[in-house]
file structure_20.csv (CSV, C-alpha atoms)
chain,number,residue,atom,x,y,z
A,1,MET,CA,-109.4,78.0,241.9
A,2,LYS,CA,-106.2,79.8,241.2
A,3,THR,CA,-102.9,78.6,242.7
A,4,ARG,CA,-100.0,81.0,243.4
A,5,LEU,CA,-96.4,79.9,243.0
A,6,PRO,CA,-94.3,80.7,246.1
A,7,PHE,CA,-91.8,83.5,245.8
A,8,VAL,CA,-88.8,81.2,245.8
A,9,GLY,CA,-90.4,79.0,243.1
A,10,ILE,CA,-91.0,82.0,240.8
A,11,TRP,CA,-87.3,83.0,241.0
A,12,SER,CA,-86.2,79.5,240.5
A,13,LEU,CA,-88.2,79.4,237.3
A,14,VAL,CA,-86.8,82.7,236.1
A,15,ILE,CA,-83.2,81.6,236.7
A,16,ALA,CA,-83.8,78.3,235.0
A,17,LEU,CA,-85.2,80.0,231.9
A,18,ALA,CA,-82.2,82.4,231.8
A,19,LEU,CA,-79.7,79.6,232.1
A,20,ALA,CA,-81.5,77.7,229.3
A,21,GLY,CA,-81.3,80.7,227.0
A,22,SER,CA,-77.6,81.2,227.8
A,23,ASN,CA,-76.7,77.6,227.1
A,24,ALA,CA,-78.6,77.3,223.8
A,25,VAL,CA,-76.5,75.6,221.2
A,26,ALA,CA,-75.4,78.0,218.4
A,27,VAL,CA,-75.2,76.5,215.0
A,28,PRO,CA,-71.9,77.0,213.1
A,29,ALA,CA,-72.0,79.8,210.6
A,30,THR,CA,-70.5,80.1,207.2
A,31,HIS,CA,-72.1,83.4,206.3
A,32,ILE,CA,-72.1,86.4,208.6
A,33,GLN,CA,-72.8,90.2,208.4
A,34,VAL,CA,-70.9,93.0,210.1
A,35,HIS,CA,-72.9,96.0,211.0
A,36,ILE,CA,-71.0,99.2,211.7
A,37,VAL,CA,-72.3,102.7,212.5
A,38,THR,CA,-69.6,105.3,212.2
A,39,GLY,CA,-69.2,108.6,214.2
A,40,ALA,CA,-68.2,112.2,213.4
A,41,ALA,CA,-64.9,111.3,211.7
A,42,GLU,CA,-64.7,109.7,208.2
A,43,LEU,CA,-62.7,106.6,207.5
A,44,THR,CA,-60.0,108.0,205.2
A,45,ALA,CA,-59.1,106.2,201.9
A,46,GLY,CA,-56.2,103.8,202.3
A,47,SER,CA,-57.0,103.0,206.0
A,48,VAL,CA,-57.2,99.3,207.1
A,49,LEU,CA,-60.2,97.9,208.9
A,50,GLU,CA,-60.7,94.3,209.6
A,51,LEU,CA,-62.8,92.0,211.8
A,52,ARG,CA,-60.7,89.8,214.1
A,53,ILE,CA,-62.2,86.7,215.7
A,54,TYR,CA,-60.3,84.9,218.5
A,55,GLU,CA,-61.2,81.3,219.0
A,56,ALA,CA,-60.1,78.7,221.6
A,57,GLY,CA,-57.3,76.6,220.2
A,58,LYS,CA,-57.1,78.3,216.8
A,59,ASN,CA,-55.3,81.1,215.0
A,60,VAL,CA,-57.0,84.4,214.9
A,61,ARG,CA,-59.3,85.0,211.9
A,62,ARG,CA,-58.5,88.3,210.1
A,63,LEU,CA,-61.4,89.3,207.8
A,64,PRO,CA,-60.9,92.5,205.7
A,65,LEU,CA,-63.8,95.0,205.9
A,66,THR,CA,-62.3,97.7,203.6
A,67,HIS,CA,-60.4,97.6,200.3
A,68,GLY,CA,-58.9,101.1,200.3
A,69,GLU,CA,-62.1,103.0,200.0
A,70,ALA,CA,-63.2,105.9,202.2
A,71,TRP,CA,-66.3,105.8,204.5
A,72,PRO,CA,-68.2,109.0,205.1
A,73,ARG,CA,-68.9,110.1,208.7
A,74,ASP,CA,-72.2,109.3,210.3
A,75,SER,CA,-72.8,106.3,208.0
A,76,THR,CA,-74.1,102.8,208.4
A,77,ARG,CA,-72.2,99.9,206.8
A,78,ILE,CA,-73.5,96.4,206.3
A,79,ILE,CA,-70.7,94.0,205.2
A,80,PRO,CA,-71.5,90.4,204.3
A,81,LEU,CA,-68.7,87.9,204.7
A,82,THR,CA,-68.4,84.3,203.6
A,83,LEU,CA,-66.2,82.2,205.8
A,84,ALA,CA,-63.8,79.6,204.3
A,85,GLU,CA,-64.2,77.5,207.6
A,86,ALA,CA,-67.5,77.4,209.5
A,87,LEU,CA,-67.4,79.5,212.7
A,88,ASP,CA,-68.5,77.8,216.0
A,89,PRO,CA,-69.8,80.7,218.1
A,90,GLY,CA,-69.4,78.6,221.2
A,91,ALA,CA,-65.6,78.5,220.7
A,92,VAL,CA,-65.2,82.3,220.3
A,93,LEU,CA,-63.3,84.0,223.1
A,94,ARG,CA,-63.6,87.6,221.8
A,95,PHE,CA,-63.9,89.6,218.6
A,96,ALA,CA,-62.5,93.0,217.6
A,97,LEU,CA,-62.3,95.7,215.0
A,98,TYR,CA,-58.7,96.3,214.0
A,99,TYR,CA,-58.0,99.8,212.6
A,100,ARG,CA,-54.9,101.3,211.1
A,101,ALA,CA,-55.1,104.9,209.7
A,102,ALA,CA,-53.7,105.7,206.3
A,103,SER,CA,-51.8,108.7,207.7
A,104,PRO,CA,-50.1,109.5,211.1
A,105,LEU,CA,-52.0,112.8,211.0
A,106,THR,CA,-55.4,111.1,210.8
A,107,PRO,CA,-57.5,111.8,214.0
A,108,PRO,CA,-59.0,109.0,216.0
A,109,TRP,CA,-61.8,107.1,214.4
A,110,GLU,CA,-65.1,106.7,216.3
A,111,VAL,CA,-67.3,103.6,216.2
A,112,VAL,CA,-70.8,104.3,217.4
A,113,ALA,CA,-71.9,100.7,217.2
A,114,ALA,CA,-70.6,97.5,215.6
A,115,ASP,CA,-71.8,93.9,215.9
A,116,VAL,CA,-71.6,90.6,214.0
A,117,ASP,CA,-74.8,88.9,212.8
A,118,LEU,CA,-74.6,85.1,212.7
A,119,SER,CA,-77.9,84.7,210.9
A,120,PRO,CA,-78.0,87.1,208.0
A,121,GLY,CA,-81.3,87.0,206.3
A,122,GLY,CA,-82.9,85.2,209.2
A,123,GLY,CA,-86.0,86.3,211.1
A,124,SER,CA,-84.1,87.7,214.1
A,125,THR,CA,-80.5,88.9,214.6
A,126,GLN,CA,-78.2,86.5,216.4
A,127,ARG,CA,-75.2,88.6,217.6
A,128,LEU,CA,-71.8,87.0,218.1
A,129,LEU,CA,-71.2,86.8,221.9
A,130,ASN,CA,-74.4,88.9,222.1
A,131,ALA,CA,-72.1,91.9,222.1
A,132,THR,CA,-72.0,95.4,220.4
A,133,LEU,CA,-68.7,97.3,220.2
A,134,SER,CA,-68.6,101.1,220.8
A,135,GLY,CA,-65.7,103.4,221.2
A,136,VAL,CA,-62.8,105.4,219.7
A,137,ILE,CA,-59.7,103.9,218.1
A,138,ALA,CA,-56.5,105.9,217.8
A,139,ARG,CA,-54.2,105.8,214.7
A,140,GLN,CA,-53.7,102.0,215.1
A,141,GLY,CA,-55.3,99.5,217.5
A,142,GLU,CA,-58.2,97.3,218.3
A,143,LEU,CA,-61.7,97.9,219.7
A,144,ALA,CA,-62.6,94.5,221.3
A,145,THR,CA,-65.1,92.7,223.4
A,146,GLU,CA,-64.1,91.4,226.8
A,147,GLU,CA,-62.2,88.1,226.8
A,148,ARG,CA,-64.3,85.1,227.8
A,149,ASP,CA,-62.8,82.7,230.2
A,150,ALA,CA,-61.7,79.7,228.2
A,151,GLY,CA,-62.9,77.4,231.0
A,152,SER,CA,-66.4,78.7,230.5
A,153,ILE,CA,-66.6,77.5,226.9
A,154,ALA,CA,-65.9,73.8,227.7
A,155,CYS,CA,-68.5,71.5,226.3
A,156,ALA,CA,-71.1,70.0,228.6
A,157,THR,CA,-72.8,67.5,226.2
A,158,ASP,CA,-72.2,65.9,222.8
A,159,ALA,CA,-74.6,68.4,221.3
A,160,ASP,CA,-72.1,71.2,222.1
A,161,CYS,CA,-69.6,69.5,219.8
A,162,ASP,CA,-71.9,68.6,217.0
A,163,ASP,CA,-70.8,70.2,213.7
A,164,HIS,CA,-74.0,69.2,212.0
A,165,ARG,CA,-72.2,67.0,209.4
A,166,ASN,CA,-72.8,63.3,209.3
A,167,CYS,CA,-70.1,62.0,207.0
A,168,ASN,CA,-67.2,62.9,209.4
A,169,GLY,CA,-68.7,61.0,212.2
A,170,HIS,CA,-70.3,61.7,215.6
A,171,GLU,CA,-68.4,64.2,217.8
A,172,ARG,CA,-68.3,63.6,221.5
A,173,CYS,CA,-67.7,65.8,224.6
A,174,ALA,CA,-64.8,64.3,226.5
A,175,PRO,CA,-62.8,67.2,228.1
A,176,ARG,CA,-60.4,64.9,230.0
A,177,THR,CA,-59.4,62.9,226.9
A,178,ALA,CA,-55.9,63.4,225.5
A,179,ASN,CA,-57.0,64.2,221.9
A,180,ALA,CA,-59.8,66.6,222.8
A,181,ASP,CA,-59.6,70.1,221.4
A,182,ALA,CA,-59.7,73.3,223.4
A,183,ARG,CA,-63.4,72.9,224.1
A,184,GLY,CA,-63.1,69.3,225.2
A,185,CYS,CA,-64.5,67.9,222.0
A,186,LEU,CA,-63.4,64.7,220.2
A,187,LYS,CA,-63.8,64.3,216.5
A,188,GLY,CA,-65.8,61.4,215.3
A,189,TRP,CA,-64.7,58.5,213.0
A,190,PRO,CA,-65.6,59.2,209.3
A,191,VAL,CA,-68.3,57.0,207.9
A,192,VAL,CA,-66.9,54.1,206.0
A,193,CYS,CA,-69.0,53.2,202.9
A,194,PRO,CA,-69.0,50.0,200.9
A,195,VAL,CA,-66.8,49.6,197.9
A,196,ASN,CA,-67.6,52.0,195.1
A,197,GLN,CA,-69.7,54.2,197.3
A,198,VAL,CA,-69.1,57.6,199.0
A,199,CYS,CA,-70.8,59.3,201.9
A,200,THR,CA,-72.9,62.4,201.0
A,201,GLU,CA,-74.5,64.7,203.5
A,202,GLY,CA,-78.2,64.1,203.9
A,203,HIS,CA,-78.1,60.9,201.8
A,204,GLY,CA,-75.6,58.7,203.4
A,205,CYS,CA,-73.5,56.2,201.4
A,206,ARG,CA,-74.3,56.3,197.7
A,207,GLY,CA,-72.9,54.7,194.6
A,208,PRO,CA,-72.0,56.5,191.3
A,209,ASP,CA,-75.0,57.5,189.2
A,210,LEU,CA,-75.9,54.9,186.6
A,211,VAL,CA,-75.2,56.0,183.1
A,212,ALA,CA,-77.9,55.1,180.6
A,213,PRO,CA,-76.7,52.9,177.8
A,214,PRO,CA,-76.5,54.6,174.4
A,215,PRO,CA,-79.5,53.9,172.1
A,216,GLU,CA,-79.1,51.1,169.7
A,217,ALA,CA,-78.5,52.1,166.1
A,218,ALA,CA,-81.5,51.7,163.8
A,219,PRO,CA,-81.1,48.8,161.4
A,220,LYS,CA,-80.1,49.9,157.9
call {"tool": "encode", "arguments": {"input": "structure_20.csv", "output": "structure tokens"}}
result
Amino acid sequence: MKTRLPFVGIWSLVIALALAGSNAVAVPATHIQVHIVTGAAELTAGSVLELRIYEAGKNVRRLPLTHGEAWPRDSTRIIPLTLAEALDPGAVLRFALYYRAASPLTPPWEVVAADVDLSPGGGSTQRLLNATLSGVIARQGELATEERDAGSIACATDADCDDHRNCNGHERCAPRTANADARGCLKGWPVVCPVNQVCTEGHGCRGPDLVAPPPEAAPK
């Protein structure tokens, strides 16, 4: 015998699944890829192009995408970047492409599509803010995503604050605490190991490796 969910029940399930997907915890990224599809105008040699990432409570990240070279028109560029500090996608307010032409006579530059992949080499693309940029930039300016409301990125659980490192302690979600960051997260207390031991990720407190004693000299 088949049972049929009432109409309201079906919509409740759909909404719950959508909310679950939107609230999924994104893992901090240290390697990203920028995908850019250019339009009918070339990027002239000497122009400046950089990825700018705006995060709550932090200085803007400026990541160069060019080093003086020209890009032909109607081309696709895939640019891998290694970040000095891990990027927490949940703390990103917006990202942008900043462009400055090499010459004041350079025509506007068109971006057909540009996005930031948080999982390069993974099975599926995880786009930063789930956004793709598209538009035309004049001689100097930014092409940016819409600004997220800083209030919407506040943590809800301790898992939202977890940096996936053990030795620096357990992070907590405590938005109303004086020392909390812009997301409402509190840093944990670093692990204190016994004397002559240090904390290592994945192995906990460990002592120095034992050095094998030198072999005894053969009797003469």
call {"tool": "closest_residue", "arguments": {"input": "structure_20.csv", "among": "A:Leu93, A:His164, A:Arg172, A:Gly188", "to": "A:Glu201", "atoms": "all atoms listed in the file"}}
result
A:His164
call {"tool": "closest_residue", "arguments": {"input": "structure_20.csv", "among": "A:Thr44, A:Ser75, A:Thr157, A:Ser134", "to": "A:Pro107", "atoms": "only C-alpha atoms"}}
result
A:Thr44
call {"tool": "atom_distance", "arguments": {"input": "structure_20.csv", "atom1": "atom CA of A:Lys187", "atom2": "atom CA of A:Arg61"}}
result
21.7 Å
call {"tool": "residues_near_point", "arguments": {"input": "structure_20.csv", "point": "(-57.4, 96.5, 220.3)", "cutoff": "7 Å", "atoms": "all atoms listed in the file", "output": "VMD selection string"}}
result
chain A and resid 96 98 141 to 144
call {"tool": "write_last_selection", "arguments": {"input": "structure_20.csv", "atoms": "C-alpha atoms", "output": "short mmCIF file (atom, residue, chain, number, x, y, z; two decimals), in the frame of the given file"}}
result
data_model
loop_
_atom_site.label_atom_id
_atom_site.label_comp_id
_atom_site.auth_asym_id
_atom_site.auth_seq_id
_atom_site.Cartn_x
_atom_site.Cartn_y
_atom_site.Cartn_z
CA ALA A 96 -62.50 93.00 217.60
CA TYR A 98 -58.70 96.30 214.00
CA GLY A 141 -55.30 99.50 217.50
CA GLU A 142 -58.20 97.30 218.30
CA LEU A 143 -61.70 97.90 219.70
CA ALA A 144 -62.60 94.50 221.30
#
call {"tool": "atom_distance", "arguments": {"input": "structure_20.csv", "atom1": "atom CA of A:Val92", "atom2": "atom CA of A:Ile53"}}
result
7.0 Å
call {"tool": "residues_around", "arguments": {"input": "structure_20.csv", "residues": "A:Ser103", "least_positions_apart": "3", "cutoff": "9 Å", "atoms": "all atoms listed in the file", "output": "list of chain:residue names"}}
result
A:Thr44, A:Gly46, A:Ser47, A:Arg100, A:Thr106, A:Arg139
call {"tool": "atom_distance", "arguments": {"input": "structure_20.csv", "atom1": "atom CA of A:Arg206", "atom2": "atom CA of A:Glu85"}}
result
25.5 Å
call {"tool": "decode", "arguments": {"input": "structure_20.csv", "residues": "stretch 190-207 of chain A", "atoms": "N, CA, C and O atoms", "output": "mmCIF file, in the first residue's frame"}}
result
data_model
loop_
_atom_site.group_PDB
_atom_site.id
_atom_site.type_symbol
_atom_site.label_atom_id
_atom_site.label_comp_id
_atom_site.auth_asym_id
_atom_site.auth_seq_id
_atom_site.Cartn_x
_atom_site.Cartn_y
_atom_site.Cartn_z
ATOM 1 N N PRO A 190 45.682 26.337 23.198
ATOM 2 C CA PRO A 190 46.627 25.376 22.597
ATOM 3 C C PRO A 190 46.886 24.192 23.527
ATOM 4 O O PRO A 190 46.862 24.330 24.756
ATOM 5 N N VAL A 191 47.113 23.039 22.928
ATOM 6 C CA VAL A 191 47.386 21.826 23.696
ATOM 7 C C VAL A 191 48.722 21.968 24.423
ATOM 8 O O VAL A 191 49.722 22.387 23.826
ATOM 9 N N VAL A 192 48.715 21.663 25.709
ATOM 10 C CA VAL A 192 49.939 21.710 26.512
ATOM 11 C C VAL A 192 50.461 20.283 26.673
ATOM 12 O O VAL A 192 49.780 19.420 27.233
ATOM 13 N N CYS A 193 51.642 20.027 26.147
ATOM 14 C CA CYS A 193 52.226 18.688 26.196
ATOM 15 C C CYS A 193 53.170 18.555 27.385
ATOM 16 O O CYS A 193 53.663 19.555 27.927
ATOM 17 N N PRO A 194 53.448 17.329 27.804
ATOM 18 C CA PRO A 194 54.439 17.113 28.864
ATOM 19 C C PRO A 194 55.806 17.644 28.456
ATOM 20 O O PRO A 194 56.057 17.931 27.280
ATOM 21 N N VAL A 195 56.681 17.757 29.429
ATOM 22 C CA VAL A 195 58.032 18.261 29.173
ATOM 23 C C VAL A 195 58.723 17.416 28.100
ATOM 24 O O VAL A 195 58.581 16.192 28.064
ATOM 25 N N ASN A 196 59.432 18.100 27.209
ATOM 26 C CA ASN A 196 60.194 17.466 26.121
ATOM 27 C C ASN A 196 59.310 16.828 25.053
ATOM 28 O O ASN A 196 59.764 15.983 24.291
ATOM 29 N N GLN A 197 58.028 17.226 25.001
ATOM 30 C CA GLN A 197 57.144 16.761 23.943
ATOM 31 C C GLN A 197 56.500 17.966 23.256
ATOM 32 O O GLN A 197 56.339 19.032 23.858
ATOM 33 N N VAL A 198 56.121 17.770 21.999
ATOM 34 C CA VAL A 198 55.443 18.819 21.237
ATOM 35 C C VAL A 198 54.191 18.231 20.610
ATOM 36 O O VAL A 198 54.104 17.019 20.369
ATOM 37 N N CYS A 199 53.221 19.089 20.343
ATOM 38 C CA CYS A 199 51.981 18.638 19.722
ATOM 39 C C CYS A 199 52.142 18.593 18.206
ATOM 40 O O CYS A 199 52.621 19.551 17.590
ATOM 41 N N THR A 200 51.772 17.485 17.599
ATOM 42 C CA THR A 200 51.815 17.330 16.145
ATOM 43 C C THR A 200 50.432 16.971 15.649
ATOM 44 O O THR A 200 49.722 16.187 16.275
ATOM 45 N N GLU A 201 50.022 17.578 14.544
ATOM 46 C CA GLU A 201 48.693 17.325 13.995
ATOM 47 C C GLU A 201 48.557 15.863 13.592
ATOM 48 O O GLU A 201 49.389 15.321 12.883
ATOM 49 N N GLY A 202 47.508 15.236 14.058
ATOM 50 C CA GLY A 202 47.239 13.848 13.721
ATOM 51 C C GLY A 202 47.887 12.847 14.639
ATOM 52 O O GLY A 202 47.549 11.657 14.608
ATOM 53 N N HIS A 203 48.850 13.288 15.453
ATOM 54 C CA HIS A 203 49.555 12.356 16.332
ATOM 55 C C HIS A 203 49.565 12.793 17.792
ATOM 56 O O HIS A 203 50.014 12.042 18.651
ATOM 57 N N GLY A 204 49.104 14.004 18.071
ATOM 58 C CA GLY A 204 49.083 14.481 19.447
ATOM 59 C C GLY A 204 50.474 14.786 19.968
ATOM 60 O O GLY A 204 51.398 15.097 19.211
ATOM 61 N N CYS A 205 50.638 14.691 21.289
ATOM 62 C CA CYS A 205 51.921 15.002 21.914
ATOM 63 C C CYS A 205 52.929 13.890 21.628
ATOM 64 O O CYS A 205 52.640 12.708 21.835
ATOM 65 N N ARG A 206 54.088 14.284 21.145
ATOM 66 C CA ARG A 206 55.123 13.308 20.842
ATOM 67 C C ARG A 206 56.472 13.836 21.294
ATOM 68 O O ARG A 206 56.736 15.044 21.242
ATOM 69 N N GLY A 207 57.344 12.911 21.720
ATOM 70 C CA GLY A 207 58.683 13.278 22.129
ATOM 71 C C GLY A 207 59.623 13.254 20.945
ATOM 72 O O GLY A 207 59.270 12.825 19.846
#
